[in-house]
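A.B. asks: Sharing a structure here in structure tokens format.
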Amino acid sequence: MIQTKATIISHREVKPGYRCLAARAPAIAQAIGPGQFLHIRCSDAVDPLLRRPFSVHRVARSGGSRLGAAPDSVEILYEVVGRGTEILSRRKVGELIDIIGPLGNGFSFKRTTHHDRRESRAESRGSPRTTILIAGGIGVAPLVALAEEQAASFKRGAFLALIGAKTKDQVLSAQDFRKAGADVIIATEDGSQGKKGLVTDALKDFLRTTTEGSPVLRQAQHGERSRTKRSRGTHHDRRESRAESRGASLITIYACGPHGMLKAVAGIARVYRIPCQVSLEERMACGVGACLGCPVRIKTRHPSDAAYKMVCKDGPVFDAAEIAWGK
Ligand SMILES: Cc1cc2nc3c(=O)[nH]c(=O)nc-3n(C[C@H](O)[C@H](O)[C@H](O)COP(=O)(O)OP(=O)(O)OC[C@H]3O[C@@H](n4cnc5c(N)ncnc54)[C@H](O)[C@@H]3O)c2cc1C
Ligand code: FES
């Protein structure tokens, strides 16, 4: 964890109410990964005293980023929602900003080597692997970092970004995902851009179509439906469960957005037996696990038992299957 006074090197409005701020912070840029966050003092004055957490949106290490970010910089994409972000929105290029990072645990994913890329080209001739990034509103912020980190290994058709928003004015980062090699599907609640409806419906449509075309995934979904009927441990079960895990291994979902959306995504992933990582948001104070102010309830063997983890220290990225999402 590094605390630094970083120079703001760019700060621009992306859309009304949304801004992107980049700061030169070589040590943090070197250490941070997608899904981790920065804790930022929005003002040099005493008020507001508490730092505000923001996911890293883009990162460029020494030598710069292939996708255009300035070298040795970290970037955040934020929505102006209250006092802290309003003050932040007035900070100017050249000013110093107090940043702590990297904090938390980010997305787990396989970093790609040249050897992996050759192997993955060979694999893709057999069964295609699909990575799905699904974001609601400002939830795009950490997923762009993940997309750019993985850009080298994704191939068109195997890398999908689903972006949801209430209206077209809140659709963010579509171009960034495209530049990283993703196919992009947009869903707006009012139908002003892309499909009309919830982004989770777009996810269901995609998975329905994909499973229809893939016997392995169809079998995986069937396996989930019939799981309750099965007795444990027969030879047939073991064969079916191998097929399920083969199905599951073909797709991975990474999600960030409002709680209701993440809960719905977790439910869909469970039905299709797809591994799913979610980036949670909770109001934070210390950001390092000391104040116990950002608990999230996790599943226990007996639903009446209560167990909690801290979003700042144990997350913000969790396995969706670990969270007790509630009714
Ligand atoms: C790990 C993490 C990563 C985040 N990444 C981003 C990001 O990349 N971009 C971005 O725009 N925002 C992000 N947030 C949310 C961001 O921290 C809050 O929007 C910010 O702290 C609001 O500060 P404020 O002083 O402007 O608002 P306040 O005046 O404190 O509150 C204004 C409104 O925002 C709500 N709010 C405040 N904090 C949070 C929070 N943590 N989660 C949800 N709602 C909140 C309040 O309930 C209130 O309705 C992240 C939060 C966490 C925990
Ligand atoms: S913000 Fe203090 S424990 Fe998470």
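Identifiers in this document derive from the order of the structure tokens: chains are assigned A, B, ..., residues are numbered from 1 separately in each chain, and ligands are numbered from 1 in order of occurrence.
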Residues up to 8 Å from ligand 1, counting only C-alpha atoms and all ligand atoms: could you list those as number ranges by chain?

C.D. replies: A: 18, 36-38, 48, 51-57, 76-87, 104, 138-142, 279-284, 311-312, 315-316

A.B. asks: Filtering to N, CA and C atoms, could you give me those residues as a compact mmCIF listing (two decimals), in the first residue's frame?

C.D. replies:
# COMPACT_ATOMS: atom_id res chain seq x y z
N TYR A 18 -20.18 12.82 -15.46
CA TYR A 18 -19.16 11.76 -15.38
C TYR A 18 -17.82 12.34 -15.80
N GLN A 36 -8.84 -3.60 -8.10
CA GLN A 36 -8.36 -2.96 -6.87
C GLN A 36 -8.77 -1.48 -6.91
N PHE A 37 -8.66 -0.82 -5.75
CA PHE A 37 -9.14 0.56 -5.75
C PHE A 37 -8.15 1.51 -5.11
N LEU A 38 -8.44 2.80 -5.36
CA LEU A 38 -7.63 3.91 -4.83
C LEU A 38 -8.48 4.64 -3.80
N PRO A 48 -14.11 17.52 2.95
CA PRO A 48 -14.46 16.33 3.71
C PRO A 48 -13.21 15.58 4.14
N ARG A 51 -11.49 9.94 3.00
CA ARG A 51 -11.15 9.66 1.60
C ARG A 51 -12.35 9.02 0.92
N ARG A 52 -12.36 9.04 -0.41
CA ARG A 52 -13.41 8.38 -1.18
C ARG A 52 -12.77 7.27 -2.02
N PRO A 53 -13.42 6.08 -2.05
CA PRO A 53 -12.85 4.97 -2.84
C PRO A 53 -13.26 5.00 -4.31
N PHE A 54 -12.32 4.76 -5.19
CA PHE A 54 -12.61 4.67 -6.63
C PHE A 54 -11.80 3.52 -7.23
N SER A 55 -12.46 2.74 -8.05
CA SER A 55 -11.76 1.63 -8.74
C SER A 55 -10.77 2.19 -9.72
N VAL A 56 -9.69 1.47 -9.93
CA VAL A 56 -8.77 1.89 -10.99
C VAL A 56 -9.46 1.58 -12.33
N HIS A 57 -9.50 2.60 -13.19
CA HIS A 57 -10.22 2.49 -14.47
C HIS A 57 -9.27 2.15 -15.61
N ILE A 76 -9.09 7.25 -12.93
CA ILE A 76 -10.40 6.85 -12.40
C ILE A 76 -11.49 7.45 -13.28
N LEU A 77 -12.61 6.74 -13.34
CA LEU A 77 -13.81 7.26 -14.01
C LEU A 77 -14.84 7.39 -12.92
N TYR A 78 -15.38 8.58 -12.73
CA TYR A 78 -16.31 8.73 -11.60
C TYR A 78 -17.54 9.55 -11.95
N GLU A 79 -18.58 9.27 -11.14
CA GLU A 79 -19.84 9.99 -11.29
C GLU A 79 -19.91 11.02 -10.16
N VAL A 80 -20.32 12.22 -10.49
CA VAL A 80 -20.44 13.25 -9.46
C VAL A 80 -21.78 13.04 -8.76
N VAL A 81 -21.70 12.58 -7.50
CA VAL A 81 -22.94 12.22 -6.79
C VAL A 81 -23.13 13.01 -5.50
N GLY A 82 -22.08 13.59 -4.94
CA GLY A 82 -22.21 14.24 -3.64
C GLY A 82 -21.06 15.19 -3.41
N ARG A 83 -20.85 15.53 -2.14
CA ARG A 83 -19.89 16.58 -1.79
C ARG A 83 -18.46 16.25 -2.24
N GLY A 84 -18.01 15.03 -1.92
CA GLY A 84 -16.63 14.65 -2.25
C GLY A 84 -16.38 14.68 -3.75
N THR A 85 -17.24 14.06 -4.50
CA THR A 85 -17.03 13.99 -5.95
C THR A 85 -17.23 15.36 -6.61
N GLU A 86 -18.06 16.20 -5.98
CA GLU A 86 -18.25 17.55 -6.54
C GLU A 86 -16.96 18.35 -6.38
N ILE A 87 -16.32 18.21 -5.18
CA ILE A 87 -15.04 18.91 -4.95
C ILE A 87 -13.97 18.35 -5.90
N GLY A 104 -7.37 -3.40 -1.48
CA GLY A 104 -8.33 -4.47 -1.75
C GLY A 104 -7.78 -5.55 -2.67
N ILE A 138 -21.98 3.25 -13.74
CA ILE A 138 -20.57 3.54 -13.48
C ILE A 138 -19.76 2.26 -13.20
N GLY A 139 -20.46 1.13 -13.10
CA GLY A 139 -19.81 -0.18 -12.92
C GLY A 139 -18.85 -0.54 -14.04
N VAL A 140 -18.88 0.21 -15.14
CA VAL A 140 -17.90 -0.03 -16.21
C VAL A 140 -16.47 0.23 -15.73
N ALA A 141 -16.35 1.12 -14.69
CA ALA A 141 -15.01 1.64 -14.34
C ALA A 141 -13.95 0.55 -14.16
N PRO A 142 -14.14 -0.42 -13.27
CA PRO A 142 -13.07 -1.41 -13.10
C PRO A 142 -12.99 -2.42 -14.25
N SER A 279 -17.69 -7.20 -8.32
CA SER A 279 -17.02 -6.13 -7.58
C SER A 279 -18.10 -5.36 -6.83
N LEU A 280 -18.03 -5.39 -5.49
CA LEU A 280 -19.07 -4.79 -4.66
C LEU A 280 -18.71 -3.37 -4.27
N GLU A 281 -19.75 -2.58 -4.00
CA GLU A 281 -19.53 -1.22 -3.47
C GLU A 281 -20.22 -1.10 -2.14
N GLU A 282 -19.55 -0.48 -1.22
CA GLU A 282 -20.11 -0.25 0.11
C GLU A 282 -19.55 1.07 0.58
N ARG A 283 -20.29 1.81 1.39
CA ARG A 283 -19.72 3.06 1.92
C ARG A 283 -18.51 2.70 2.76
N MET A 284 -17.44 3.47 2.61
CA MET A 284 -16.19 3.11 3.30
C MET A 284 -15.64 4.28 4.11
N VAL A 311 -15.67 -5.43 2.75
CA VAL A 311 -15.55 -5.18 1.31
C VAL A 311 -14.17 -4.59 0.99
N CYS A 312 -13.66 -3.70 1.87
CA CYS A 312 -12.40 -3.01 1.53
C CYS A 312 -11.20 -3.96 1.58
N GLY A 315 -12.50 -7.80 -0.22
CA GLY A 315 -12.96 -7.55 -1.58
C GLY A 315 -12.15 -6.40 -2.14
N PRO A 316 -12.70 -5.53 -2.97
CA PRO A 316 -14.13 -5.48 -3.30
C PRO A 316 -14.60 -6.59 -4.24

A.B. asks: Given a cut-off of 6 Å, what residues near ligand 2 show up using only C-alpha atoms and all ligand atoms, put as a PDB file with N, CA and C atoms, in the first residue's frame?

C.D. replies:
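Okay, result11.pdb is ready:
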ATOM      1  N   MET A 284     -17.438   3.472   2.611  1.00  0.00           N
ATOM      2  CA  MET A 284     -16.194   3.111   3.305  1.00  0.00           C
ATOM      3  C   MET A 284     -15.641   4.276   4.110  1.00  0.00           C
ATOM      4  N   ALA A 285     -14.926   3.937   5.190  1.00  0.00           N
ATOM      5  CA  ALA A 285     -14.226   4.966   5.960  1.00  0.00           C
ATOM      6  C   ALA A 285     -12.725   4.714   5.847  1.00  0.00           C
ATOM      7  N   CYS A 286     -12.210   3.706   6.604  1.00  0.00           N
ATOM      8  CA  CYS A 286     -10.748   3.525   6.634  1.00  0.00           C
ATOM      9  C   CYS A 286     -10.208   2.933   5.320  1.00  0.00           C
ATOM     10  N   GLY A 287     -10.955   2.024   4.709  1.00  0.00           N
ATOM     11  CA  GLY A 287     -10.511   1.414   3.445  1.00  0.00           C
ATOM     12  C   GLY A 287      -9.502   0.286   3.602  1.00  0.00           C
ATOM     13  N   VAL A 288      -9.149  -0.042   4.868  1.00  0.00           N
ATOM     14  CA  VAL A 288      -8.104  -1.068   5.064  1.00  0.00           C
ATOM     15  C   VAL A 288      -8.516  -2.144   6.073  1.00  0.00           C
ATOM     16  N   GLY A 289      -9.781  -2.238   6.391  1.00  0.00           N
ATOM     17  CA  GLY A 289     -10.239  -3.316   7.272  1.00  0.00           C
ATOM     18  C   GLY A 289     -10.175  -2.998   8.749  1.00  0.00           C
ATOM     19  N   ALA A 290      -9.902  -1.740   9.125  1.00  0.00           N
ATOM     20  CA  ALA A 290      -9.715  -1.426  10.540  1.00  0.00           C
ATOM     21  C   ALA A 290     -11.004  -0.996  11.243  1.00  0.00           C
ATOM     22  N   CYS A 291     -11.924  -0.339  10.531  1.00  0.00           N
ATOM     23  CA  CYS A 291     -13.088   0.243  11.221  1.00  0.00           C
ATOM     24  C   CYS A 291     -14.309  -0.673  11.190  1.00  0.00           C
ATOM     25  N   LEU A 292     -14.246  -1.762  10.471  1.00  0.00           N
ATOM     26  CA  LEU A 292     -15.352  -2.721  10.318  1.00  0.00           C
ATOM     27  C   LEU A 292     -16.617  -2.036   9.782  1.00  0.00           C
ATOM     28  N   GLY A 293     -16.421  -1.018   8.951  1.00  0.00           N
ATOM     29  CA  GLY A 293     -17.549  -0.210   8.487  1.00  0.00           C
ATOM     30  C   GLY A 293     -18.125  -0.645   7.146  1.00  0.00           C
ATOM     31  N   CYS A 294     -17.600  -1.703   6.538  1.00  0.00           N
ATOM     32  CA  CYS A 294     -18.090  -2.049   5.192  1.00  0.00           C
ATOM     33  C   CYS A 294     -18.372  -3.549   5.096  1.00  0.00           C
ATOM     34  N   MET A 310     -15.154  -7.942   5.088  1.00  0.00           N
ATOM     35  CA  MET A 310     -15.076  -6.503   4.833  1.00  0.00           C
ATOM     36  C   MET A 310     -14.825  -6.270   3.346  1.00  0.00           C
ATOM     37  N   VAL A 311     -15.673  -5.428   2.754  1.00  0.00           N
ATOM     38  CA  VAL A 311     -15.548  -5.181   1.312  1.00  0.00           C
ATOM     39  C   VAL A 311     -14.172  -4.586   0.986  1.00  0.00           C
ATOM     40  N   CYS A 312     -13.659  -3.696   1.865  1.00  0.00           N
ATOM     41  CA  CYS A 312     -12.402  -3.014   1.532  1.00  0.00           C
ATOM     42  C   CYS A 312     -11.203  -3.957   1.579  1.00  0.00           C
TER      43      CYS A 312
END

A.B. asks: Identify which of the residues A:Lys204, A:Ala147, A:Ala165, A:Ser173 lies closest to Ser192 (chain A), counting only C-alpha atoms when measuring atom-to-atom distances.

C.D. replies: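 Checking each of A:Lys204, A:Ala147, A:Ala165, A:Ser173 against Ser192 (chain A), counting only C-alpha atoms, the winner is A:Ala165.
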
A.B. asks: Excluding same-chain residues fewer than 5 positions from Val14 (chain A), what lies within 9 Å of it counting only C-alpha atoms, as an MDAnalysis selection string?

C.D. replies: chainID A and resid 19:20 77 172

A.B. asks: Within 12 Å of Ala264 (chain A), counting only C-alpha atoms, which residues qualify if same-chain residues fewer than 2 places away don't, as JSON, numbers by chain?

C.D. replies: {"A": [134, 136, 198, 199, 200, 201, 202, 203, 204, 255, 256, 257, 258, 259, 260, 261, 262, 266, 267, 268, 269, 270, 271, 276, 278, 320, 321, 325, 326, 327]}

A.B. asks: Kindly indicate which residue among A:Leu133, A:His11, A:Val144, A:Lys179 lies nearest to Gly164 (chain A), using only C-alpha atoms for the distances.

C.D. replies: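 Once distances to Gly164 (chain A) are computed over only C-alpha atoms, the minimum belongs to A:Leu133.
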
A.B. asks: In terms of the shortest atom-to-atom distance over only C-alpha atoms, which of A:Ala45, A:Ile132, A:Ile163, A:Ile99 is closest to Val74 (chain A)?

C.D. replies: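 Closest candidate: A:Ile99.
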
A.B. asks: Counting only C-alpha atoms, which residue out of A:Arg178, A:Arg297, A:Arg90, A:His39 sits closest to Ile2 (chain A)?

C.D. replies: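 Looking at the shortest contact to Ile2 (chain A), the residue is A:His39.
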
A.B. asks: CA of Ala145 (chain A) and CA of Ile253 (chain A) are how many Å apart?

C.D. replies: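 One can read the CA of Ala145 (chain A) to CA of Ile253 (chain A) distance as 15.0 Å.
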
A.B. asks: With only C-alpha atoms as the atoms that count, which of A:Asp319, A:Glu189, A:Asp44, A:Asp314 lies nearest to Lys5 (chain A)?

C.D. replies: A:Asp44

A.B. asks: Between CA of Glu149 (chain A) and CA of Glu13 (chain A), what is the distance, to one decimal in Å?

C.D. replies: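 Pair CA of Glu149 (chain A) / CA of Glu13 (chain A) returns 23.8 Å.
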
A.B. asks: Which residue gives the smallest distance to Lys168 (chain A) among A:Gly137, A:Gln150, A:Ala182, A:Arg301, with only C-alpha atoms counted?

C.D. replies: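 Using only C-alpha atoms, Lys168 (chain A) sits closest to A:Gly137.
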
A.B. asks: I want to know what sits within 12 Å of Glu95 (chain A), based on only C-alpha atoms, with residues of the same chain fewer than 2 positions away left out; could you give that as a list of chain:residue names?

C.D. replies: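 Counting only the stated atoms, we get A:Lys5, A:Ala6, A:Thr7, A:Ile8, A:Ile9, A:Ser10, A:His11, A:Leu21, A:Ala22, A:Ala23, A:Arg24, A:Cys42, A:Ser43, A:Asp44, A:Leu88, A:Arg90, A:Arg91, A:Lys92, A:Val93, A:Ile97, A:Asp98.
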
A.B. asks: Pull N, CA and C atoms from the residues just selected and write them as a short mmCIF file (atom, residue, chain, number, x, y, z; two decimals), in the first residue's frame.

C.D. replies:
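So again-v8.cif came out as:
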data_model
loop_
_atom_site.label_atom_id
_atom_site.label_comp_id
_atom_site.auth_asym_id
_atom_site.auth_seq_id
_atom_site.Cartn_x
_atom_site.Cartn_y
_atom_site.Cartn_z
N LYS A 5 1.44 11.85 -3.16
CA LYS A 5 0.82 13.07 -3.71
C LYS A 5 1.10 13.02 -5.20
N ALA A 6 0.09 12.76 -5.96
CA ALA A 6 0.26 12.53 -7.40
C ALA A 6 -0.18 13.77 -8.18
N THR A 7 0.55 14.05 -9.24
CA THR A 7 0.16 15.21 -10.08
C THR A 7 -0.98 14.81 -11.02
N ILE A 8 -2.00 15.63 -11.04
CA ILE A 8 -3.11 15.38 -11.99
C ILE A 8 -2.62 15.73 -13.39
N ILE A 9 -2.69 14.75 -14.30
CA ILE A 9 -2.17 15.02 -15.65
C ILE A 9 -3.29 15.18 -16.68
N SER A 10 -4.48 14.71 -16.35
CA SER A 10 -5.63 15.06 -17.20
C SER A 10 -6.90 14.90 -16.38
N HIS A 11 -7.88 15.70 -16.74
CA HIS A 11 -9.15 15.67 -15.99
C HIS A 11 -10.22 16.23 -16.92
N LEU A 21 -10.28 11.18 -14.39
CA LEU A 21 -9.11 11.88 -13.84
C LEU A 21 -7.91 10.94 -13.89
N ALA A 22 -6.82 11.44 -14.48
CA ALA A 22 -5.58 10.64 -14.51
C ALA A 22 -4.52 11.35 -13.68
N ALA A 23 -3.76 10.59 -12.91
CA ALA A 23 -2.70 11.17 -12.09
C ALA A 23 -1.43 10.36 -12.27
N ARG A 24 -0.30 11.08 -12.20
CA ARG A 24 0.99 10.39 -12.37
C ARG A 24 1.39 9.79 -11.03
N CYS A 42 -10.38 14.02 -1.68
CA CYS A 42 -10.92 14.86 -2.75
C CYS A 42 -10.46 16.31 -2.60
N SER A 43 -10.18 16.72 -1.33
CA SER A 43 -9.82 18.11 -1.08
C SER A 43 -8.58 18.15 -0.19
N ASP A 44 -7.81 19.26 -0.27
CA ASP A 44 -6.68 19.44 0.64
C ASP A 44 -7.17 20.02 1.97
N LEU A 88 -13.97 17.03 -6.01
CA LEU A 88 -12.98 16.39 -6.91
C LEU A 88 -13.14 16.91 -8.34
N ARG A 90 -13.69 19.67 -9.38
CA ARG A 90 -13.12 21.01 -9.61
C ARG A 90 -11.59 21.01 -9.55
N ARG A 91 -10.97 19.84 -9.29
CA ARG A 91 -9.50 19.79 -9.23
C ARG A 91 -8.92 19.97 -10.64
N LYS A 92 -7.77 20.66 -10.69
CA LYS A 92 -7.23 21.05 -12.01
C LYS A 92 -5.95 20.28 -12.36
N VAL A 93 -5.68 20.18 -13.65
CA VAL A 93 -4.43 19.57 -14.13
C VAL A 93 -3.26 20.34 -13.52
N ILE A 97 -2.69 15.52 -5.84
CA ILE A 97 -3.84 14.87 -5.20
C ILE A 97 -3.32 13.71 -4.35
N ASP A 98 -3.88 13.59 -3.15
CA ASP A 98 -3.40 12.59 -2.18
C ASP A 98 -4.12 11.25 -2.43
#

A.B. asks: Work out how far apart CA of Leu146 (chain A) and CA of Gly33 (chain A) are and give it in Å to one decimal.

C.D. replies: 8.1 Å

A.B. asks: If you run DSSP on this backbone, which residues of region 13-202 of chain A come out as alpha helix (DSSP H), and could you give them as an MDAnalysis selection string?

C.D. replies: chainID A and resid 26:31 83:89 114:126 140:150 174:179 199:202

A.B. asks: Those same residues, written as a CSV table (one decimal), in the first residue's frame with C-alpha atoms?

C.D. replies:
chain,number,residue,atom,x,y,z
A,26,PRO,CA,4.4,5.4,-10.9
A,27,ALA,CA,4.7,3.2,-7.8
A,28,ILE,CA,0.9,2.7,-7.6
A,29,ALA,CA,0.7,2.1,-11.4
A,30,GLN,CA,3.3,-0.6,-11.1
A,31,ALA,CA,1.5,-2.4,-8.3
A,83,ARG,CA,-19.9,16.6,-1.8
A,84,GLY,CA,-16.6,14.7,-2.2
A,85,THR,CA,-17.0,14.0,-6.0
A,86,GLU,CA,-18.3,17.6,-6.5
A,87,ILE,CA,-15.0,18.9,-5.0
A,88,LEU,CA,-13.0,16.4,-6.9
A,89,SER,CA,-14.6,17.5,-10.1
A,114,HIS,CA,3.1,-15.6,-25.6
A,115,HIS,CA,2.9,-19.3,-24.9
A,116,ASP,CA,-0.6,-19.0,-23.5
A,117,ARG,CA,-1.7,-17.1,-26.6
A,118,ARG,CA,-0.4,-19.9,-28.9
A,119,GLU,CA,-2.2,-22.4,-26.7
A,120,SER,CA,-5.4,-20.4,-26.6
A,121,ARG,CA,-5.4,-20.1,-30.4
A,122,ALA,CA,-5.1,-23.9,-30.5
A,123,GLU,CA,-7.9,-24.3,-28.0
A,124,SER,CA,-10.2,-21.9,-29.8
A,125,ARG,CA,-10.1,-24.2,-32.8
A,126,GLY,CA,-11.9,-26.7,-30.5
A,140,VAL,CA,-17.9,0.0,-16.2
A,141,ALA,CA,-15.0,1.6,-14.3
A,142,PRO,CA,-13.1,-1.4,-13.1
A,143,LEU,CA,-14.1,-3.6,-16.1
A,144,VAL,CA,-12.3,-1.4,-18.5
A,145,ALA,CA,-9.0,-1.9,-16.6
A,146,LEU,CA,-9.7,-5.7,-16.8
A,147,ALA,CA,-10.4,-5.5,-20.5
A,148,GLU,CA,-7.3,-3.6,-21.2
A,149,GLU,CA,-5.2,-5.9,-19.1
A,150,GLN,CA,-6.5,-8.9,-21.0
A,174,ALA,CA,-18.4,1.3,-25.0
A,175,GLN,CA,-15.5,2.5,-27.2
A,176,ASP,CA,-12.9,1.5,-24.6
A,177,PHE,CA,-14.2,-2.1,-24.6
A,178,ARG,CA,-14.3,-2.2,-28.4
A,179,LYS,CA,-10.7,-0.9,-28.5
A,199,VAL,CA,-28.6,-5.6,-19.0
A,200,THR,CA,-29.3,-8.8,-17.1
A,201,ASP,CA,-32.0,-9.7,-19.7
A,202,ALA,CA,-29.4,-9.2,-22.4
